[in-house]
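The structure file coords_0.pdb is reproduced below (PDB, C-alpha atoms).
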ATOM      1  CA  MET A   1      22.006   4.658   4.538  1.00  0.00           C
ATOM      2  CA  LEU A   2      18.988   2.379   4.363  1.00  0.00           C
ATOM      3  CA  THR A   3      19.475  -1.351   4.754  1.00  0.00           C
ATOM      4  CA  THR A   4      18.138  -3.729   2.107  1.00  0.00           C
ATOM      5  CA  THR A   5      15.441  -4.918   4.507  1.00  0.00           C
ATOM      6  CA  ILE A   6      14.201  -1.386   5.180  1.00  0.00           C
ATOM      7  CA  ARG A   7      14.190  -0.595   1.456  1.00  0.00           C
ATOM      8  CA  LEU A   8      12.092  -3.665   0.683  1.00  0.00           C
ATOM      9  CA  GLU A   9       9.708  -2.917   3.534  1.00  0.00           C
ATOM     10  CA  ARG A  10       9.249   0.644   2.283  1.00  0.00           C
ATOM     11  CA  VAL A  11       8.608  -0.564  -1.269  1.00  0.00           C
ATOM     12  CA  ALA A  12       5.927  -3.001  -0.103  1.00  0.00           C
ATOM     13  CA  ALA A  13       4.332  -0.372   2.142  1.00  0.00           C
ATOM     14  CA  SER A  14       4.315   2.123  -0.716  1.00  0.00           C
ATOM     15  CA  TYR A  15       2.439  -0.295  -3.009  1.00  0.00           C
ATOM     16  CA  LEU A  16      -0.260  -0.803  -0.398  1.00  0.00           C
ATOM     17  CA  ALA A  17      -0.487   2.891   0.467  1.00  0.00           C
ATOM     18  CA  VAL A  18      -0.763   4.052  -3.147  1.00  0.00           C
ATOM     19  CA  SER A  19      -3.338   1.397  -4.045  1.00  0.00           C
ATOM     20  CA  ALA A  20      -5.510   2.182  -1.035  1.00  0.00           C
ATOM     21  CA  GLY A  21      -5.074   5.929  -1.512  1.00  0.00           C
ATOM     22  CA  VAL A  22      -6.169   5.858  -5.143  1.00  0.00           C
ATOM     23  CA  ALA A  23      -9.182   3.701  -4.312  1.00  0.00           C
ATOM     24  CA  LEU A  24     -10.207   5.971  -1.422  1.00  0.00           C
ATOM     25  CA  LEU A  25     -10.111   9.057  -3.630  1.00  0.00           C
ATOM     26  CA  ILE A  26     -12.148   7.372  -6.359  1.00  0.00           C
ATOM     27  CA  THR A  27     -14.717   5.990  -3.919  1.00  0.00           C
ATOM     28  CA  GLY A  28     -14.932   9.231  -1.924  1.00  0.00           C
ATOM     29  CA  ASP A  29     -16.068  10.905  -5.147  1.00  0.00           C
ATOM     30  CA  LEU A  30     -14.918  14.411  -4.223  1.00  0.00           C
ATOM     31  CA  GLY A  31     -12.337  14.509  -6.958  1.00  0.00           C
ATOM     32  CA  VAL A  32      -9.535  12.097  -7.721  1.00  0.00           C
ATOM     33  CA  ALA A  33      -5.821  12.842  -7.969  1.00  0.00           C
ATOM     34  CA  PRO A  34      -4.677  14.419 -11.251  1.00  0.00           C
ATOM     35  CA  PHE A  35      -3.201  11.128 -12.448  1.00  0.00           C
ATOM     36  CA  ASP A  36      -6.506   9.442 -11.832  1.00  0.00           C
ATOM     37  CA  VAL A  37      -8.299  12.161 -13.769  1.00  0.00           C
ATOM     38  CA  LEU A  38      -6.118  10.903 -16.602  1.00  0.00           C
ATOM     39  CA  ASN A  39      -6.689   7.243 -15.745  1.00  0.00           C
ATOM     40  CA  THR A  40     -10.472   7.602 -15.492  1.00  0.00           C
ATOM     41  CA  GLY A  41     -10.466   9.638 -18.699  1.00  0.00           C
ATOM     42  CA  VAL A  42      -8.543   6.925 -20.541  1.00  0.00           C
ATOM     43  CA  ALA A  43     -10.783   4.231 -19.029  1.00  0.00           C
ATOM     44  CA  ASP A  44     -13.990   5.984 -20.108  1.00  0.00           C
ATOM     45  CA  SER A  45     -12.678   6.909 -23.555  1.00  0.00           C
ATOM     46  CA  PHE A  46     -11.533   3.404 -24.446  1.00  0.00           C
ATOM     47  CA  GLY A  47     -14.048   1.372 -22.426  1.00  0.00           C
ATOM     48  CA  ILE A  48     -11.448  -0.295 -20.216  1.00  0.00           C
ATOM     49  CA  ARG A  49     -11.060  -0.686 -16.468  1.00  0.00           C
ATOM     50  CA  VAL A  50      -9.210   1.908 -14.388  1.00  0.00           C
ATOM     51  CA  GLY A  51      -6.476  -0.588 -13.501  1.00  0.00           C
ATOM     52  CA  VAL A  52      -5.763  -1.238 -17.182  1.00  0.00           C
ATOM     53  CA  ALA A  53      -5.749   2.502 -17.892  1.00  0.00           C
ATOM     54  CA  PHE A  54      -3.181   2.892 -15.104  1.00  0.00           C
ATOM     55  CA  LEU A  55      -0.876   0.451 -16.879  1.00  0.00           C
ATOM     56  CA  LEU A  56      -1.140   2.371 -20.161  1.00  0.00           C
ATOM     57  CA  THR A  57      -0.528   5.821 -18.687  1.00  0.00           C
ATOM     58  CA  SER A  58       2.355   4.441 -16.634  1.00  0.00           C
ATOM     59  CA  VAL A  59       4.239   3.457 -19.783  1.00  0.00           C
ATOM     60  CA  VAL A  60       3.838   6.975 -21.210  1.00  0.00           C
ATOM     61  CA  PHE A  61       5.052   8.768 -18.083  1.00  0.00           C
ATOM     62  CA  TYR A  62       7.936   6.377 -17.531  1.00  0.00           C
ATOM     63  CA  ALA A  63       9.128   7.145 -21.062  1.00  0.00           C
ATOM     64  CA  LEU A  64       8.780  10.912 -20.605  1.00  0.00           C
ATOM     65  CA  GLY A  65      10.490  10.767 -17.210  1.00  0.00           C
ATOM     66  CA  LEU A  66      13.448   8.828 -18.574  1.00  0.00           C
ATOM     67  CA  LEU A  67      13.866  11.390 -21.339  1.00  0.00           C
ATOM     68  CA  LEU A  68      14.050  14.112 -18.687  1.00  0.00           C
ATOM     69  CA  GLY A  69      16.694  12.251 -16.708  1.00  0.00           C
ATOM     70  CA  GLY A  70      14.558  10.421 -14.173  1.00  0.00           C
ATOM     71  CA  ARG A  71      15.573   6.956 -13.063  1.00  0.00           C
ATOM     72  CA  THR A  72      13.618   3.725 -12.891  1.00  0.00           C
ATOM     73  CA  GLY A  73      14.467   0.422 -11.208  1.00  0.00           C
ATOM     74  CA  TRP A  74      13.072  -3.030 -10.736  1.00  0.00           C
ATOM     75  CA  ALA A  75      10.512  -1.696  -8.250  1.00  0.00           C
ATOM     76  CA  SER A  76       9.082   0.531 -10.992  1.00  0.00           C
ATOM     77  CA  LEU A  77       8.119  -2.485 -13.082  1.00  0.00           C
ATOM     78  CA  VAL A  78       6.904  -4.533 -10.124  1.00  0.00           C
ATOM     79  CA  GLY A  79       4.877  -1.604  -8.795  1.00  0.00           C
ATOM     80  CA  THR A  80       3.202  -0.970 -12.124  1.00  0.00           C
ATOM     81  CA  VAL A  81       2.130  -4.615 -12.335  1.00  0.00           C
ATOM     82  CA  VAL A  82       1.174  -5.037  -8.654  1.00  0.00           C
ATOM     83  CA  ILE A  83      -0.593  -1.730  -7.974  1.00  0.00           C
ATOM     84  CA  ALA A  84      -3.163  -2.072 -10.777  1.00  0.00           C
ATOM     85  CA  PRO A  85      -4.860  -5.230  -9.378  1.00  0.00           C
ATOM     86  CA  LEU A  86      -4.527  -3.905  -5.822  1.00  0.00           C
ATOM     87  CA  ILE A  87      -6.498  -0.800  -6.861  1.00  0.00           C
ATOM     88  CA  GLU A  88      -9.189  -3.019  -8.361  1.00  0.00           C
ATOM     89  CA  LEU A  89      -9.308  -5.102  -5.172  1.00  0.00           C
ATOM     90  CA  ALA A  90      -9.593  -2.025  -2.968  1.00  0.00           C
ATOM     91  CA  LEU A  91     -12.366  -0.578  -5.157  1.00  0.00           C
ATOM     92  CA  ALA A  92     -14.277  -3.844  -4.859  1.00  0.00           C
ATOM     93  CA  VAL A  93     -14.239  -3.900  -1.044  1.00  0.00           C
ATOM     94  CA  LEU A  94     -14.551  -0.227  -0.101  1.00  0.00           C
ATOM     95  CA  PRO A  95     -18.011   1.077   0.857  1.00  0.00           C
ATOM     96  CA  GLU A  96     -19.488   3.935  -1.159  1.00  0.00           C
ATOM     97  CA  PRO A  97     -20.935   6.484   1.285  1.00  0.00           C
ATOM     98  CA  GLU A  98     -23.525   8.882  -0.065  1.00  0.00           C
ATOM     99  CA  ARG A  99     -23.192  11.530   2.638  1.00  0.00           C
ATOM    100  CA  LEU A 100     -20.444  14.136   2.615  1.00  0.00           C
ATOM    101  CA  ALA A 101     -19.550  13.251   6.213  1.00  0.00           C
ATOM    102  CA  GLY A 102     -18.386   9.859   5.010  1.00  0.00           C
ATOM    103  CA  ARG A 103     -16.743  11.015   1.799  1.00  0.00           C
ATOM    104  CA  ILE A 104     -14.518  13.766   3.239  1.00  0.00           C
ATOM    105  CA  PRO A 105     -12.557  11.375   5.514  1.00  0.00           C
ATOM    106  CA  MET A 106     -12.070   9.057   2.541  1.00  0.00           C
ATOM    107  CA  PHE A 107     -10.620  11.912   0.507  1.00  0.00           C
ATOM    108  CA  ALA A 108      -8.336  13.065   3.328  1.00  0.00           C
ATOM    109  CA  GLY A 109      -7.185   9.513   4.005  1.00  0.00           C
ATOM    110  CA  GLY A 110      -6.502   8.964   0.331  1.00  0.00           C
ATOM    111  CA  VAL A 111      -4.301  12.053   0.113  1.00  0.00           C
ATOM    112  CA  VAL A 112      -2.307  11.066   3.211  1.00  0.00           C
ATOM    113  CA  LEU A 113      -1.777   7.528   1.934  1.00  0.00           C
ATOM    114  CA  LEU A 114      -0.659   8.734  -1.480  1.00  0.00           C
ATOM    115  CA  VAL A 115       1.846  11.170   0.024  1.00  0.00           C
ATOM    116  CA  ALA A 116       3.201   8.395   2.259  1.00  0.00           C
ATOM    117  CA  GLY A 117       3.421   5.921  -0.602  1.00  0.00           C
ATOM    118  CA  VAL A 118       5.165   8.332  -2.954  1.00  0.00           C
ATOM    119  CA  CYS A 119       7.701   9.469  -0.361  1.00  0.00           C
ATOM    120  CA  LEU A 120       8.477   5.948   0.817  1.00  0.00           C
ATOM    121  CA  VAL A 121       9.184   4.525  -2.623  1.00  0.00           C
ATOM    122  CA  ILE A 122      11.314   7.510  -3.690  1.00  0.00           C
ATOM    123  CA  THR A 123      13.592   7.143  -0.661  1.00  0.00           C
ATOM    124  CA  THR A 124      14.348   3.491  -1.468  1.00  0.00           C
ATOM    125  CA  GLU A 125      15.922   4.421  -4.829  1.00  0.00           C
ATOM    126  CA  LEU A 126      14.784   1.010  -6.091  1.00  0.00           C
ATOM    127  CA  GLY A 127      12.405   2.424  -8.679  1.00  0.00           C
ATOM    128  CA  PRO A 128       9.536   4.904  -8.162  1.00  0.00           C
ATOM    129  CA  GLY A 129       6.189   5.102  -9.923  1.00  0.00           C
ATOM    130  CA  PRO A 130       5.579   6.740 -13.309  1.00  0.00           C
ATOM    131  CA  GLY A 131       4.595  10.147 -11.965  1.00  0.00           C
ATOM    132  CA  GLU A 132       7.569  10.126  -9.641  1.00  0.00           C
ATOM    133  CA  VAL A 133      10.015   9.236 -12.435  1.00  0.00           C
ATOM    134  CA  PHE A 134       8.697  12.227 -14.388  1.00  0.00           C
ATOM    135  CA  MET A 135       8.865  14.457 -11.303  1.00  0.00           C
ATOM    136  CA  LEU A 136      12.402  13.313 -10.468  1.00  0.00           C
ATOM    137  CA  GLY A 137      13.414  14.011 -14.046  1.00  0.00           C
ATOM    138  CA  LEU A 138      12.317  17.622 -13.590  1.00  0.00           C
ATOM    139  CA  ILE A 139      14.118  17.799 -10.237  1.00  0.00           C
ATOM    140  CA  ALA A 140      17.269  16.394 -11.845  1.00  0.00           C
ATOM    141  CA  ARG A 141      17.140  19.374 -14.202  1.00  0.00           C
ATOM    142  CA  GLY A 142      17.099  21.810 -11.293  1.00  0.00           C
ATOM    143  CA  MET A 143      13.423  22.231 -10.411  1.00  0.00           C
ATOM    144  CA  ALA A 144      12.385  22.188  -6.745  1.00  0.00           C
ATOM    145  CA  VAL A 145      10.235  19.318  -5.454  1.00  0.00           C
ATOM    146  CA  ALA A 146       6.905  21.155  -5.102  1.00  0.00           C
ATOM    147  CA  PRO A 147       6.990  22.910  -8.516  1.00  0.00           C
ATOM    148  CA  ALA A 148       8.138  19.673 -10.163  1.00  0.00           C
ATOM    149  CA  ARG A 149       5.103  17.938  -8.711  1.00  0.00           C
ATOM    150  CA  TRP A 150       2.804  20.756  -9.810  1.00  0.00           C
ATOM    151  CA  VAL A 151       4.067  20.424 -13.386  1.00  0.00           C
ATOM    152  CA  THR A 152       3.743  16.635 -13.283  1.00  0.00           C
ATOM    153  CA  ASP A 153       0.199  16.706 -11.930  1.00  0.00           C
ATOM    154  CA  GLY A 154      -0.742  19.602 -14.196  1.00  0.00           C
ATOM    155  CA  LEU A 155       0.186  17.641 -17.307  1.00  0.00           C
ATOM    156  CA  ALA A 156      -1.769  14.585 -16.164  1.00  0.00           C
ATOM    157  CA  PHE A 157      -4.735  16.769 -15.179  1.00  0.00           C
ATOM    158  CA  ALA A 158      -4.884  18.608 -18.511  1.00  0.00           C
ATOM    159  CA  ALA A 159      -4.724  15.372 -20.501  1.00  0.00           C
ATOM    160  CA  GLY A 160      -7.353  13.769 -18.257  1.00  0.00           C
ATOM    161  CA  VAL A 161      -9.765  16.685 -18.568  1.00  0.00           C
ATOM    162  CA  ALA A 162      -9.399  16.564 -22.360  1.00  0.00           C
ATOM    163  CA  LEU A 163     -10.443  12.892 -22.217  1.00  0.00           C
ATOM    164  CA  GLY A 164     -13.386  13.548 -19.903  1.00  0.00           C
ATOM    165  CA  GLY A 165     -11.834  12.208 -16.702  1.00  0.00           C
ATOM    166  CA  ALA A 166     -13.477  12.506 -13.285  1.00  0.00           C
ATOM    167  CA  VAL A 167     -12.886  15.949 -11.767  1.00  0.00           C
ATOM    168  CA  GLY A 168     -14.149  17.466  -8.515  1.00  0.00           C
ATOM    169  CA  ILE A 169     -13.307  20.124  -5.961  1.00  0.00           C
ATOM    170  CA  GLY A 170     -11.013  17.605  -4.300  1.00  0.00           C
ATOM    171  CA  THR A 171      -8.930  17.423  -7.468  1.00  0.00           C
ATOM    172  CA  VAL A 172      -8.136  21.134  -7.223  1.00  0.00           C
ATOM    173  CA  VAL A 173      -7.256  20.812  -3.528  1.00  0.00           C
ATOM    174  CA  PHE A 174      -5.071  17.819  -4.275  1.00  0.00           C
ATOM    175  CA  ALA A 175      -3.280  19.493  -7.186  1.00  0.00           C
ATOM    176  CA  PHE A 176      -2.170  22.456  -5.075  1.00  0.00           C
ATOM    177  CA  ALA A 177      -1.462  20.593  -1.832  1.00  0.00           C
ATOM    178  CA  PHE A 178       0.275  17.449  -3.054  1.00  0.00           C
ATOM    179  CA  GLY A 179       3.546  19.076  -4.149  1.00  0.00           C
ATOM    180  CA  PRO A 180       4.271  20.777  -0.810  1.00  0.00           C
ATOM    181  CA  LEU A 181       3.132  17.655   1.069  1.00  0.00           C
ATOM    182  CA  VAL A 182       5.544  15.455  -0.891  1.00  0.00           C
ATOM    183  CA  ALA A 183       8.336  17.980  -0.328  1.00  0.00           C
ATOM    184  CA  GLY A 184       7.557  17.936   3.395  1.00  0.00           C
ATOM    185  CA  GLY A 185       7.401  14.146   3.484  1.00  0.00           C
ATOM    186  CA  LEU A 186      10.789  13.775   1.817  1.00  0.00           C
ATOM    187  CA  HIS A 187      12.230  16.313   4.246  1.00  0.00           C
ATOM    188  CA  LEU A 188      10.881  14.329   7.213  1.00  0.00           C
ATOM    189  CA  LEU A 189      12.470  11.195   5.779  1.00  0.00           C
ATOM    190  CA  ARG A 190      15.726  13.154   5.333  1.00  0.00           C
ATOM    191  CA  TYR A 191      15.918  12.485   1.629  1.00  0.00           C
ATOM    192  CA  THR A 192      17.082  14.930  -1.053  1.00  0.00           C
ATOM    193  CA  PRO A 193      16.414  13.925  -4.681  1.00  0.00           C
ATOM    194  CA  PRO A 194      19.564  13.988  -6.848  1.00  0.00           C
ATOM    195  CA  VAL A 195      20.234  16.843  -9.257  1.00  0.00           C
ATOM    196  CA  ASN A 196      22.273  16.456 -12.426  1.00  0.00           C
ATOM    197  CA  VAL A 197      25.231  18.831 -12.124  1.00  0.00           C
ATOM    198  CA  PRO A 198      26.799  19.696 -15.489  1.00  0.00           C
ATOM    199  CA  GLU A 199      30.464  18.830 -15.729  1.00  0.00           C
ATOM    200  CA  THR A 200      32.760  21.825 -15.513  1.00  0.00           C
ATOM    201  CA  VAL A 201      35.022  22.192 -18.496  1.00  0.00           C
ATOM    202  CA  VAL A 202      38.495  23.260 -17.446  1.00  0.00           C
ATOM    203  CA  ALA A 203      40.372  25.269 -20.019  1.00  0.00           C
ATOM    204  CA  PRO A 204      43.863  23.988 -20.822  1.00  0.00           C
TER     205      PRO A 204
END

Show how you would write the structure in this file as structure tokens.
Amino acid sequence: MLTTTIRLERVAASYLAVSAGVALLITGDLGVAPFDVLNTGVADSFGIRVGVAFLLTSVVFYALGLLLGGRTGWASLVGTVVIAPLIELALAVLPEPERLAGRIPMFAGGVVLLVAGVCLVITTELGPGPGEVFMLGLIARGMAVAPARWVTDGLAFAAGVALGGAVGIGTVVFAFAFGPLVAGGLHLLRYTPPVNVPETVVAP
């Protein structure tokens, strides 16, 4: 059982990790995460900044996740508000290397940070991000962690591609690897997402 202090520390660490991870993937320019294919697609289509697009897509996936049985919390709202400006800040300060030797480490670092951020916030049970609420909704209905993440990212990816979002070889790598990495991260943290078990009707 996590103490309140540990939960709060994990929430704060997850905000920083996700913000930095997203910015690293965008700046590395090898292909962003599926959700950022969607975010960049929305940003380009409507002429808004990526951080604002993140806020809009978050609302949609929170709603879909809740319909599936996922759970939000106060940290979901705080994270949605806090992460957007942190992404913008990280994008403003990160260098933009032209050579592949500089971009590959940025991509790898971004993936690791995103996995860490996602796993940390889920284990607090204080309110995960929009993609995680959707993913947990699928898990609550009996889907395993990795497939649930593949479906979640696949939906975001398809919508982002339709809107002209940024796609690269790294996006494909991310889409296949992220689900198993999240499953492994949750296992290391000794956390099992809850599953909704239908009530058994006992005949009189």

Quiz item: Near Thr192 in chain A, within 10 Å and counting all atoms listed in the file, which residues show up once chain neighbours fewer than 6 positions away are dropped, as a list of chain:residue names?
Solution: A:Ile122, A:Thr123, A:Val145, A:Ala183, A:Leu186

Quick one: everything within 9 Å of range 167-182 of chain A, counting all atoms listed in the file, minus sequence neighbours fewer than 6 positions away in the same chain. Send it as a list in words.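 Once the nearby chain positions are removed, what remains is Leu25, Asp29, Leu30, Gly31, Val32, Ala33, Pro34, Val37, Phe107, Val111, Val112, Leu114, Val115, Ala116, Val118, Cys119, Val145, Ala146, Pro147, Ala148, Arg149, Trp150, Asp153, Gly154, Phe157, Gly160 and Val161 of chain A.
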
Nearby residues (all atoms listed in the file) at most 9 Å from Thr57 in chain A, same-chain spacing under 2 positions excluded, as a PDB file with C-alpha atoms, keeping the file's coordinate frame:
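Contents of the output file part-v2.pdb:
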ATOM      1  CA  PHE A  35      -3.201  11.128 -12.448  1.00  0.00           C
ATOM      2  CA  LEU A  38      -6.118  10.903 -16.602  1.00  0.00           C
ATOM      3  CA  ASN A  39      -6.689   7.243 -15.745  1.00  0.00           C
ATOM      4  CA  VAL A  42      -8.543   6.925 -20.541  1.00  0.00           C
ATOM      5  CA  VAL A  52      -5.763  -1.238 -17.182  1.00  0.00           C
ATOM      6  CA  ALA A  53      -5.749   2.502 -17.892  1.00  0.00           C
ATOM      7  CA  PHE A  54      -3.181   2.892 -15.104  1.00  0.00           C
ATOM      8  CA  LEU A  55      -0.876   0.451 -16.879  1.00  0.00           C
ATOM      9  CA  VAL A  59       4.239   3.457 -19.783  1.00  0.00           C
ATOM     10  CA  VAL A  60       3.838   6.975 -21.210  1.00  0.00           C
ATOM     11  CA  PHE A  61       5.052   8.768 -18.083  1.00  0.00           C
ATOM     12  CA  TYR A  62       7.936   6.377 -17.531  1.00  0.00           C
ATOM     13  CA  PRO A 130       5.579   6.740 -13.309  1.00  0.00           C
TER      14      PRO A 130
END

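Distances to Pro128 in chain A were evaluated for A:Arg10, A:Arg141, A:Arg103, A:Arg71 using all atoms listed in the file, and the minimum falls at A:Arg71.
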
The PyMOL selection byres ((chain A and resi 7) around 9) - which residues does that actually catch in the file I just gave you? List them as a ChimeraX atom specification.
/A:2-6,8-12,120-121,123-126

May I have the selected residues written with C-alpha atoms, as a PDB file, in the coordinates of the input?
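The resulting file, out.pdb, is shown below:
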ATOM      1  CA  LEU A   2      18.988   2.379   4.363  1.00  0.00           C
ATOM      2  CA  THR A   3      19.475  -1.351   4.754  1.00  0.00           C
ATOM      3  CA  THR A   4      18.138  -3.729   2.107  1.00  0.00           C
ATOM      4  CA  THR A   5      15.441  -4.918   4.507  1.00  0.00           C
ATOM      5  CA  ILE A   6      14.201  -1.386   5.180  1.00  0.00           C
ATOM      6  CA  LEU A   8      12.092  -3.665   0.683  1.00  0.00           C
ATOM      7  CA  GLU A   9       9.708  -2.917   3.534  1.00  0.00           C
ATOM      8  CA  ARG A  10       9.249   0.644   2.283  1.00  0.00           C
ATOM      9  CA  VAL A  11       8.608  -0.564  -1.269  1.00  0.00           C
ATOM     10  CA  ALA A  12       5.927  -3.001  -0.103  1.00  0.00           C
ATOM     11  CA  LEU A 120       8.477   5.948   0.817  1.00  0.00           C
ATOM     12  CA  VAL A 121       9.184   4.525  -2.623  1.00  0.00           C
ATOM     13  CA  THR A 123      13.592   7.143  -0.661  1.00  0.00           C
ATOM     14  CA  THR A 124      14.348   3.491  -1.468  1.00  0.00           C
ATOM     15  CA  GLU A 125      15.922   4.421  -4.829  1.00  0.00           C
ATOM     16  CA  LEU A 126      14.784   1.010  -6.091  1.00  0.00           C
TER      17      LEU A 126
END

Of A:Gly131, A:Pro85, A:Pro193, A:Gly164, the one sitting nearest Ser19 in chain A when using only C-alpha atoms is A:Pro85

On this structure, which residues satisfy the PyMOL selection byres ((chain A and resi 96) around 8), written as a VMD selection string?
-> chain A and resid 27 to 28 94 to 95 97 to 98

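The two atoms in question, CA of Leu136 in chain A and CA of Gly41 in chain A, are spaced 24.6 Å apart.
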
- So how many Å separate CA of Thr72 in chain A and CA of Ala43 in chain A, to one decimal?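 Between CA of Thr72 in chain A and CA of Ala43 in chain A the gap is 25.2 Å.
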
**Request:** Tell me, in Å to one decimal, how far CA of Gly129 in chain A is from CA of Ala75 in chain A.
**Result:**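 Computing the Euclidean distance for CA of Gly129 in chain A and CA of Ala75 in chain A yields 8.2 Å.
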
#### Entry: Spatial neighbours of Gly137 in chain A, max dist 7 Å, only C-alpha atoms, sep filter under 3 positions, as a PyMOL selection string
chain A and resi 65-66+68-70+133-134+140-141

Handout entry: Residue with smallest distance to Leu67 in chain A - pool A:Ala108, A:Ala162, A:Leu138, A:Leu188, counting all atoms listed in the file
Key =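 The shortest atom-to-atom distance to Leu67 in chain A comes from A:Leu138.
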